[in-house]
Amino acid sequence: MKKRWIIGEGDSALQEQLCAAINITPLVSRILINRGIRDITSARDFLQVSYRNLIDPFLLNDMEKAVSRITDVIRNKGRIMICGDYDVDGVTASALYIEFFKKYGVDGTLYIPDRMREGYGLNEAAVLMARSQGIDVILTADCGTTSTAPVRLAQSLGIDVIVTDHHEPPKELPDAFAMINPNRHDSTYPFKGLAGVGVAFKLVQALSQMLEARSQRLEVRSQKSEARINLTSDFWPLTSSNDDLSSCLDLVALGTIADVAPITGENRFFVKEGLRLLTEGKRVGIAALKDAAGMRGGDVTAGAVGFILAPRINASGRLSKADMAVRLLTTKDPEEARHIASYLNQMNEERQRIEAKIKNEVREKIAKEMDINREKVIVMASGEWHQGVIGIVASKIVDEFYRPCILISLQEDGNGKGSARSIPGFNIYEGLEECSDLIEKFGGHKYAAGLTIKGANIPLLRERLSVVAGDRLSEEDFIPRLIMDAEIDLEEISFPLLKEMTLLPPYGVANPEPVIVSRGLRVMEPKLVGKDHLKIKLRRGGTYLDCIGFNMASAYNNIIKTGGEIDAAYTPELNLWNGTYGIQLKLKDMRVSDG
């Protein structure tokens, strides 16, 4: 699909200011500006990632209440039930809580609902189980913001519910004992991009801070003040519990990357430190999973998490029960870890087979049932589609057709359970709100959502949502965009520049890989490698640089064989080969130069 090329406008005055103040190149300063960084302090914090990126956890609504209640449970050896979601975010948040409470002698009972039988979030069956087991507090992990009825039941039974979540809240929140969610409408927490596991970490950070302060007989002020913020800032490098907090950042990175949270603010610290831990592989379960996935040496990158580790952790929750994945992340037994990792690897292979079959069927239905040029949203349903896999397929259909997509698995009772994914510019959660009278229930955020709907309402949803999207989006919004940071000459790419650019990762949402465009280039030595990859050299004047274009074999015939000059969009990077670093351009797109 042809892409629109858009080059960020930049701000020359601010660019010069950043260059002078923190001694960086014009290109890197422009990249920072394009990421929304518009002052010297923010630029330094972005480039020099450290614990100082962390924000005082007590700035989150209800944090004081939650910490006080859980501290009482720990002190009195009470009982806690952890109710988590079945995706990687929920699994890692649940594992984080289990490890933390175990340290303080509290065995957290784990409850993760069955995706197919129970669906998402806290439910009344979990509440009744909690009562039968004498649970004092139900603590949610990546869910609970929309669980009004189960929360009401729990509170009526004398069980306090503490919600830790990040999903979009409804207009009226459940009446939980504490609702910790940075996206609450009344929240003043300065960073809204935490994943569910990030919110769980903030609670653990606050609990550690409070317990550490008590053990050292420090006075911790109850009001949200500068003193509290300073205590949080000083807390990380000085106290004995930091090793425990640091050791769980691999879990935080896994959940943050898998949930496609923005890699800015606190998340940069979580992901950078977490990737280092994942590379070391000291956690028994992670080492076993890397081995089962065939990851032999090398740094674990955000891409490796997203495409290799996370799908395997997700597999059990998609096709069966997610409890197994939590066990993998919390076990200390290498043999148990090896068996679970092997099982998850097999489940992932089965998931891939199911996914490929559903994807082909969706494509066929689109070809037969839709006018893709007229309809703005893809809404498809089938009784043959596995409920646990349709979310992945919906994401791939969005990538292929660049339309918001809802895929629905029809149940025996005629109702459907669906997964929605969207494109930039269209908030799918708000779109579903416009159609809420057609939907039994829904939840999620702007790019992804889940829903339950009566079968008879599916055609009406498809029709109305297409109208809503058409009203909010222009025709250009349905053409994929390639946003580039700058246009430079090929000879400006150098080792010192790329060394400076190593300060920019980890990459992800809100901090994508930098994309550069250079024009009037000659193609040298083109060849196809692997299944569908293009390897070339690009030349301008006396400068030659190696390039790799993954899944760009079609460009060989469409562009390169024209024989003229081309314009190329790429990410420059250092490439290690046979022990030697070289400069390589990772191609994003090419087109015939217009002169």
# chains A, B, ... in the order shown; residues from 1 in each chain; ligands from 1
>>> select_by_dssp(residues="range 381-451 of chain A", states="strand (DSSP E)", output="PyMOL selection string")
chain A and resi 381-382+405-410+415-421+441-444+448-451
>>> residues_around(residues="Arg464 in chain A", least_positions_apart="5", cutoff="9 Å", atoms="only C-alpha atoms", output="PyMOL selection string")
chain A and resi 434-435+459+469
>>> closest_residue(among="A:Lys454, A:Lys365, A:Arg481, A:Arg591", to="Arg519 in chain A", atoms="only C-alpha atoms")
A:Arg591
>>> residues_around(residues="Pro174 in chain A", least_positions_apart="4", cutoff="12 Å", atoms="only C-alpha atoms", output="JSON, numbers by chain")
{"A": [122, 143, 144, 145, 146, 147, 148, 149, 150, 151, 152, 153, 154, 155, 161, 162, 163, 169, 170, 178, 179, 180, 184]}
>>> atom_distance(atom1="CA of Asn34 in chain A", atom2="CA of Ile263 in chain A")
14.2 Å
>>> closest_residue(among="A:Asp546, A:Asp323, A:Asp244, A:Glu430", to="Glu99 in chain A", atoms="only C-alpha atoms")
A:Asp244
>>> closest_residue(among="A:Val523, A:Ala510, A:Leu47, A:Val127", to="Arg539 in chain A", atoms="only C-alpha atoms")
A:Val523
>>> closest_residue(among="A:Val137, A:Leu319, A:Ile559, A:Ile159", to="Arg117 in chain A", atoms="only C-alpha atoms")
A:Leu319
>>> residues_around(residues="Ala130 in chain A", least_positions_apart="2", cutoff="12 Å", atoms="only C-alpha atoms", output="NGL selection string")
:A and (79-83 or 108-111 or 122-128 or 132-139 or 150 or 153-155 or 157-161)
>>> write_last_selection(atoms="C-alpha atoms", output="compact mmCIF listing (two decimals), in the first residue's frame")
# COMPACT_ATOMS: atom_id res chain seq x y z
CA ARG A 79 -5.25 -12.69 52.88
CA ILE A 80 -5.13 -11.05 49.45
CA MET A 81 -6.60 -12.26 46.16
CA ILE A 82 -4.90 -10.96 43.02
CA CYS A 83 -7.35 -10.79 40.14
CA GLY A 108 -1.41 -13.94 47.31
CA THR A 109 -4.21 -16.11 45.90
CA LEU A 110 -4.22 -15.78 42.11
CA TYR A 111 -7.42 -15.57 40.07
CA LEU A 122 -13.16 -9.09 37.87
CA ASN A 123 -16.39 -11.11 38.03
CA GLU A 124 -18.88 -12.20 40.66
CA ALA A 125 -17.63 -15.81 40.67
CA ALA A 126 -14.20 -14.54 41.74
CA VAL A 127 -15.78 -12.47 44.50
CA LEU A 128 -17.72 -15.47 45.84
CA SER A 132 -15.25 -18.70 50.68
CA GLN A 133 -11.48 -18.45 51.20
CA GLY A 134 -11.62 -15.69 53.82
CA ILE A 135 -9.99 -13.07 51.59
CA ASP A 136 -9.61 -9.62 53.13
CA VAL A 137 -8.66 -7.62 50.02
CA ILE A 138 -9.13 -8.22 46.29
CA LEU A 139 -6.35 -6.49 44.35
CA PRO A 150 -18.53 -7.34 41.12
CA LEU A 153 -20.86 -7.38 45.61
CA ALA A 154 -17.39 -7.59 47.17
CA GLN A 155 -17.86 -4.45 49.23
CA LEU A 157 -19.56 -8.92 51.62
CA GLY A 158 -16.95 -7.00 53.57
CA ILE A 159 -14.14 -7.55 51.08
CA ASP A 160 -12.25 -4.37 50.12
CA VAL A 161 -11.44 -4.05 46.42
>>> residues_around(residues="range 573-578 of chain A", least_positions_apart="6", cutoff="7 Å", atoms="only C-alpha atoms", output="PDB file with N, CA and C atoms, in the first residue's frame")
ATOM      1  N   LEU A 498      25.778   8.260  14.678  1.00  0.00           N
ATOM      2  CA  LEU A 498      25.064   7.056  15.103  1.00  0.00           C
ATOM      3  C   LEU A 498      25.373   6.699  16.557  1.00  0.00           C
ATOM      4  N   GLN A 584      24.682   0.837   8.484  1.00  0.00           N
ATOM      5  CA  GLN A 584      23.660   0.216   7.649  1.00  0.00           C
ATOM      6  C   GLN A 584      22.396   1.058   7.701  1.00  0.00           C
ATOM      7  N   LEU A 585      21.731   1.173   6.570  1.00  0.00           N
ATOM      8  CA  LEU A 585      20.450   1.873   6.512  1.00  0.00           C
ATOM      9  C   LEU A 585      19.334   0.841   6.449  1.00  0.00           C
TER      10      LEU A 585
END
>>> atom_distance(atom1="CA of Ala195 in chain A", atom2="CA of Arg351 in chain A")
24.3 Å
>>> residues_around(residues="range 439-442 of chain A", least_positions_apart="6", cutoff="8 Å", atoms="only C-alpha atoms", output="PDB file with N, CA and C atoms, in the first residue's frame")
ATOM      1  N   LEU A 432     -16.927   3.300  19.818  1.00  0.00           N
ATOM      2  CA  LEU A 432     -17.861   2.347  20.403  1.00  0.00           C
ATOM      3  C   LEU A 432     -18.842   3.041  21.352  1.00  0.00           C
ATOM      4  N   ALA A 449      -9.886  -2.384  21.844  1.00  0.00           N
ATOM      5  CA  ALA A 449     -11.035  -2.539  22.741  1.00  0.00           C
ATOM      6  C   ALA A 449     -11.607  -3.933  22.585  1.00  0.00           C
ATOM      7  N   GLY A 450     -12.373  -4.335  23.584  1.00  0.00           N
ATOM      8  CA  GLY A 450     -13.120  -5.582  23.528  1.00  0.00           C
ATOM      9  C   GLY A 450     -14.592  -5.283  23.744  1.00  0.00           C
ATOM     10  N   LEU A 451     -15.462  -6.144  23.220  1.00  0.00           N
ATOM     11  CA  LEU A 451     -16.897  -5.885  23.337  1.00  0.00           C
ATOM     12  C   LEU A 451     -17.692  -7.177  23.318  1.00  0.00           C
ATOM     13  N   THR A 452     -18.897  -7.093  23.863  1.00  0.00           N
ATOM     14  CA  THR A 452     -19.889  -8.158  23.769  1.00  0.00           C
ATOM     15  C   THR A 452     -21.116  -7.568  23.095  1.00  0.00           C
ATOM     16  N   ILE A 453     -21.672  -8.287  22.111  1.00  0.00           N
ATOM     17  CA  ILE A 453     -22.772  -7.745  21.314  1.00  0.00           C
ATOM     18  C   ILE A 453     -23.721  -8.867  20.912  1.00  0.00           C
ATOM     19  N   LYS A 454     -25.008  -8.555  20.824  1.00  0.00           N
ATOM     20  CA  LYS A 454     -25.982  -9.506  20.308  1.00  0.00           C
ATOM     21  C   LYS A 454     -25.782  -9.662  18.798  1.00  0.00           C
ATOM     22  N   ASN A 457     -27.353  -7.315  16.278  1.00  0.00           N
ATOM     23  CA  ASN A 457     -26.902  -5.926  16.225  1.00  0.00           C
ATOM     24  C   ASN A 457     -25.599  -5.726  15.455  1.00  0.00           C
TER      25      ASN A 457
END
>>> residues_around(residues="range 292-307 of chain A", least_positions_apart="2", cutoff="7 Å", atoms="only C-alpha atoms", output="ChimeraX atom specification")
/A:254,257-258,275,278-279,288-290,309-311,341-342,345,506
>>> closest_atom_pairs(of="range 51-129 of chain A", to="range 443-447 of chain A", cutoff="12 Å", atoms="only C-alpha atoms", output="CSV")
residue,atom,partner,partner_atom,distance
A:Gly119,CA,A:Gly443,CA,11.7
A:Tyr120,CA,A:Gly443,CA,9.3
A:Gly121,CA,A:Gly443,CA,10.1
>>> decode(residues="range 408-557 of chain A", atoms="C-alpha atoms", output="PDB file, in the first residue's frame")
ATOM      1  CA  ILE A 408     -16.396 -11.012  16.398  1.00  0.00           C
ATOM      2  CA  SER A 409     -16.518 -14.611  17.553  1.00  0.00           C
ATOM      3  CA  LEU A 410     -20.149 -15.778  17.592  1.00  0.00           C
ATOM      4  CA  GLN A 411     -21.166 -17.930  20.543  1.00  0.00           C
ATOM      5  CA  GLU A 412     -23.755 -20.725  20.694  1.00  0.00           C
ATOM      6  CA  ASP A 413     -26.311 -18.375  22.278  1.00  0.00           C
ATOM      7  CA  GLY A 414     -26.136 -16.031  19.282  1.00  0.00           C
ATOM      8  CA  ASN A 415     -24.142 -13.341  21.056  1.00  0.00           C
ATOM      9  CA  GLY A 416     -20.712 -12.304  19.902  1.00  0.00           C
ATOM     10  CA  LYS A 417     -17.476 -11.432  21.678  1.00  0.00           C
ATOM     11  CA  GLY A 418     -15.288  -9.134  19.663  1.00  0.00           C
ATOM     12  CA  SER A 419     -11.888  -7.487  19.525  1.00  0.00           C
ATOM     13  CA  ALA A 420     -11.428  -4.046  17.990  1.00  0.00           C
ATOM     14  CA  ARG A 421      -8.253  -2.400  16.690  1.00  0.00           C
ATOM     15  CA  SER A 422      -7.840   0.998  15.081  1.00  0.00           C
ATOM     16  CA  ILE A 423      -5.656   3.379  13.093  1.00  0.00           C
ATOM     17  CA  PRO A 424      -4.084   6.693  14.179  1.00  0.00           C
ATOM     18  CA  GLY A 425      -6.698   9.419  14.213  1.00  0.00           C
ATOM     19  CA  PHE A 426      -9.671   7.248  15.188  1.00  0.00           C
ATOM     20  CA  ASN A 427     -10.290   6.510  18.852  1.00  0.00           C
ATOM     21  CA  ILE A 428     -12.022   3.152  18.727  1.00  0.00           C
ATOM     22  CA  TYR A 429     -13.172   3.406  22.366  1.00  0.00           C
ATOM     23  CA  GLU A 430     -14.944   6.706  21.630  1.00  0.00           C
ATOM     24  CA  GLY A 431     -16.335   5.198  18.434  1.00  0.00           C
ATOM     25  CA  LEU A 432     -17.861   2.347  20.403  1.00  0.00           C
ATOM     26  CA  GLU A 433     -19.295   4.863  22.868  1.00  0.00           C
ATOM     27  CA  GLU A 434     -21.212   6.377  19.931  1.00  0.00           C
ATOM     28  CA  CYS A 435     -22.734   2.935  19.355  1.00  0.00           C
ATOM     29  CA  SER A 436     -23.155   1.929  22.997  1.00  0.00           C
ATOM     30  CA  ASP A 437     -26.908   1.300  22.610  1.00  0.00           C
ATOM     31  CA  LEU A 438     -26.044  -1.546  20.211  1.00  0.00           C
ATOM     32  CA  ILE A 439     -23.441  -3.133  22.505  1.00  0.00           C
ATOM     33  CA  GLU A 440     -23.950  -5.139  25.689  1.00  0.00           C
ATOM     34  CA  LYS A 441     -20.635  -4.045  27.170  1.00  0.00           C
ATOM     35  CA  PHE A 442     -17.232  -2.820  26.030  1.00  0.00           C
ATOM     36  CA  GLY A 443     -13.919  -1.503  27.355  1.00  0.00           C
ATOM     37  CA  GLY A 444     -10.421  -0.604  26.249  1.00  0.00           C
ATOM     38  CA  HIS A 445      -8.610   2.452  24.948  1.00  0.00           C
ATOM     39  CA  LYS A 446      -8.146   4.455  21.747  1.00  0.00           C
ATOM     40  CA  TYR A 447      -6.326   1.798  19.708  1.00  0.00           C
ATOM     41  CA  ALA A 448      -7.797  -1.438  21.114  1.00  0.00           C
ATOM     42  CA  ALA A 449     -11.035  -2.539  22.741  1.00  0.00           C
ATOM     43  CA  GLY A 450     -13.120  -5.582  23.528  1.00  0.00           C
ATOM     44  CA  LEU A 451     -16.897  -5.885  23.337  1.00  0.00           C
ATOM     45  CA  THR A 452     -19.889  -8.158  23.769  1.00  0.00           C
ATOM     46  CA  ILE A 453     -22.772  -7.745  21.314  1.00  0.00           C
ATOM     47  CA  LYS A 454     -25.982  -9.506  20.308  1.00  0.00           C
ATOM     48  CA  GLY A 455     -25.685 -11.159  16.913  1.00  0.00           C
ATOM     49  CA  ALA A 456     -28.669  -9.236  15.521  1.00  0.00           C
ATOM     50  CA  ASN A 457     -26.902  -5.926  16.225  1.00  0.00           C
ATOM     51  CA  ILE A 458     -23.685  -6.693  14.353  1.00  0.00           C
ATOM     52  CA  PRO A 459     -24.906  -5.362  10.944  1.00  0.00           C
ATOM     53  CA  LEU A 460     -26.192  -2.213  12.672  1.00  0.00           C
ATOM     54  CA  LEU A 461     -22.835  -1.722  14.412  1.00  0.00           C
ATOM     55  CA  ARG A 462     -20.995  -2.119  11.126  1.00  0.00           C
ATOM     56  CA  GLU A 463     -23.190   0.459   9.434  1.00  0.00           C
ATOM     57  CA  ARG A 464     -23.196   3.051  12.205  1.00  0.00           C
ATOM     58  CA  LEU A 465     -19.515   2.781  13.092  1.00  0.00           C
ATOM     59  CA  SER A 466     -18.614   3.277   9.445  1.00  0.00           C
ATOM     60  CA  VAL A 467     -20.634   6.497   9.456  1.00  0.00           C
ATOM     61  CA  VAL A 468     -18.959   7.651  12.696  1.00  0.00           C
ATOM     62  CA  ALA A 469     -15.499   6.993  11.246  1.00  0.00           C
ATOM     63  CA  GLY A 470     -16.424   8.702   7.982  1.00  0.00           C
ATOM     64  CA  ASP A 471     -17.548  11.810   9.852  1.00  0.00           C
ATOM     65  CA  ARG A 472     -14.368  12.005  11.936  1.00  0.00           C
ATOM     66  CA  LEU A 473     -11.773  11.083   9.322  1.00  0.00           C
ATOM     67  CA  SER A 474     -10.809  12.519   5.943  1.00  0.00           C
ATOM     68  CA  GLU A 475      -9.910  10.399   2.922  1.00  0.00           C
ATOM     69  CA  GLU A 476      -6.231  11.076   3.606  1.00  0.00           C
ATOM     70  CA  ASP A 477      -6.579   9.481   7.042  1.00  0.00           C
ATOM     71  CA  PHE A 478      -7.162   6.131   5.315  1.00  0.00           C
ATOM     72  CA  ILE A 479      -3.782   6.295   3.586  1.00  0.00           C
ATOM     73  CA  PRO A 480      -0.854   5.034   5.721  1.00  0.00           C
ATOM     74  CA  ARG A 481       1.543   7.783   6.734  1.00  0.00           C
ATOM     75  CA  LEU A 482       5.302   7.546   6.932  1.00  0.00           C
ATOM     76  CA  ILE A 483       6.385  10.386   9.186  1.00  0.00           C
ATOM     77  CA  MET A 484      10.029  11.359   8.755  1.00  0.00           C
ATOM     78  CA  ASP A 485      12.136  13.358  11.149  1.00  0.00           C
ATOM     79  CA  ALA A 486      14.395  15.155   8.698  1.00  0.00           C
ATOM     80  CA  GLU A 487      15.854  15.297   5.210  1.00  0.00           C
ATOM     81  CA  ILE A 488      19.641  15.084   5.053  1.00  0.00           C
ATOM     82  CA  ASP A 489      22.356  14.220   2.556  1.00  0.00           C
ATOM     83  CA  LEU A 490      23.714  10.703   2.582  1.00  0.00           C
ATOM     84  CA  GLU A 491      27.241  11.861   3.428  1.00  0.00           C
ATOM     85  CA  GLU A 492      25.996  13.301   6.750  1.00  0.00           C
ATOM     86  CA  ILE A 493      25.535   9.766   8.117  1.00  0.00           C
ATOM     87  CA  SER A 494      28.626   9.046  10.229  1.00  0.00           C
ATOM     88  CA  PHE A 495      29.832   6.935  13.149  1.00  0.00           C
ATOM     89  CA  PRO A 496      29.788   9.882  15.622  1.00  0.00           C
ATOM     90  CA  LEU A 497      26.188  10.658  14.659  1.00  0.00           C
ATOM     91  CA  LEU A 498      25.064   7.056  15.103  1.00  0.00           C
ATOM     92  CA  LYS A 499      26.879   6.801  18.423  1.00  0.00           C
ATOM     93  CA  GLU A 500      24.912   9.830  19.629  1.00  0.00           C
ATOM     94  CA  MET A 501      21.693   8.285  18.342  1.00  0.00           C
ATOM     95  CA  THR A 502      22.206   5.294  20.648  1.00  0.00           C
ATOM     96  CA  LEU A 503      20.858   7.602  23.396  1.00  0.00           C
ATOM     97  CA  LEU A 504      17.413   7.587  21.739  1.00  0.00           C
ATOM     98  CA  PRO A 505      16.229   3.975  22.344  1.00  0.00           C
ATOM     99  CA  PRO A 506      14.299   2.159  23.609  1.00  0.00           C
ATOM    100  CA  TYR A 507      11.920   2.706  20.713  1.00  0.00           C
ATOM    101  CA  GLY A 508       8.200   2.118  20.636  1.00  0.00           C
ATOM    102  CA  VAL A 509       4.930   4.028  20.674  1.00  0.00           C
ATOM    103  CA  ALA A 510       5.498   7.820  20.996  1.00  0.00           C
ATOM    104  CA  ASN A 511       9.213   7.224  20.443  1.00  0.00           C
ATOM    105  CA  PRO A 512       9.445   5.420  17.105  1.00  0.00           C
ATOM    106  CA  GLU A 513      12.696   4.685  15.354  1.00  0.00           C
ATOM    107  CA  PRO A 514      13.922   7.883  13.673  1.00  0.00           C
ATOM    108  CA  VAL A 515      13.193   7.956   9.950  1.00  0.00           C
ATOM    109  CA  ILE A 516      15.374  10.030   7.626  1.00  0.00           C
ATOM    110  CA  VAL A 517      14.913  10.801   3.953  1.00  0.00           C
ATOM    111  CA  SER A 518      17.691  11.332   1.403  1.00  0.00           C
ATOM    112  CA  ARG A 519      17.050  12.166  -2.245  1.00  0.00           C
ATOM    113  CA  GLY A 520      18.696  11.690  -5.620  1.00  0.00           C
ATOM    114  CA  LEU A 521      20.351   8.362  -4.789  1.00  0.00           C
ATOM    115  CA  ARG A 522      21.736   5.726  -7.125  1.00  0.00           C
ATOM    116  CA  VAL A 523      21.077   2.026  -6.477  1.00  0.00           C
ATOM    117  CA  MET A 524      24.066  -0.308  -6.653  1.00  0.00           C
ATOM    118  CA  GLU A 525      24.334  -4.112  -6.414  1.00  0.00           C
ATOM    119  CA  PRO A 526      20.657  -4.957  -5.791  1.00  0.00           C
ATOM    120  CA  LYS A 527      19.894  -8.518  -4.739  1.00  0.00           C
ATOM    121  CA  LEU A 528      17.142 -10.456  -2.992  1.00  0.00           C
ATOM    122  CA  VAL A 529      18.002 -12.250   0.247  1.00  0.00           C
ATOM    123  CA  GLY A 530      16.006 -14.563   2.456  1.00  0.00           C
ATOM    124  CA  LYS A 531      12.333 -14.940   1.660  1.00  0.00           C
ATOM    125  CA  ASP A 532      11.333 -11.406   0.731  1.00  0.00           C
ATOM    126  CA  HIS A 533      14.146  -9.010   1.634  1.00  0.00           C
ATOM    127  CA  LEU A 534      16.070  -6.541  -0.500  1.00  0.00           C
ATOM    128  CA  LYS A 535      19.772  -5.790  -0.080  1.00  0.00           C
ATOM    129  CA  ILE A 536      21.332  -2.865  -1.947  1.00  0.00           C
ATOM    130  CA  LYS A 537      23.966  -0.153  -1.766  1.00  0.00           C
ATOM    131  CA  LEU A 538      22.907   3.460  -2.080  1.00  0.00           C
ATOM    132  CA  ARG A 539      25.304   6.014  -3.565  1.00  0.00           C
ATOM    133  CA  ARG A 540      25.423   9.763  -3.751  1.00  0.00           C
ATOM    134  CA  GLY A 541      28.648  11.274  -4.971  1.00  0.00           C
ATOM    135  CA  GLY A 542      31.490   9.417  -3.320  1.00  0.00           C
ATOM    136  CA  THR A 543      29.388   8.019  -0.459  1.00  0.00           C
ATOM    137  CA  TYR A 544      28.246   4.379  -0.532  1.00  0.00           C
ATOM    138  CA  LEU A 545      26.142   2.833   2.245  1.00  0.00           C
ATOM    139  CA  ASP A 546      24.753  -0.681   2.698  1.00  0.00           C
ATOM    140  CA  CYS A 547      20.966  -0.996   2.999  1.00  0.00           C
ATOM    141  CA  ILE A 548      18.522  -3.723   3.960  1.00  0.00           C
ATOM    142  CA  GLY A 549      14.812  -3.572   3.174  1.00  0.00           C
ATOM    143  CA  PHE A 550      12.835  -6.214   5.060  1.00  0.00           C
ATOM    144  CA  ASN A 551       9.835  -7.509   3.078  1.00  0.00           C
ATOM    145  CA  MET A 552      10.662  -5.058   0.294  1.00  0.00           C
ATOM    146  CA  ALA A 553      11.392  -7.473  -2.541  1.00  0.00           C
ATOM    147  CA  SER A 554       8.576  -5.907  -4.593  1.00  0.00           C
ATOM    148  CA  ALA A 555      10.576  -2.667  -4.751  1.00  0.00           C
ATOM    149  CA  TYR A 556      13.094  -4.465  -6.953  1.00  0.00           C
ATOM    150  CA  ASN A 557      10.712  -4.550  -9.898  1.00  0.00           C
TER     151      ASN A 557
END
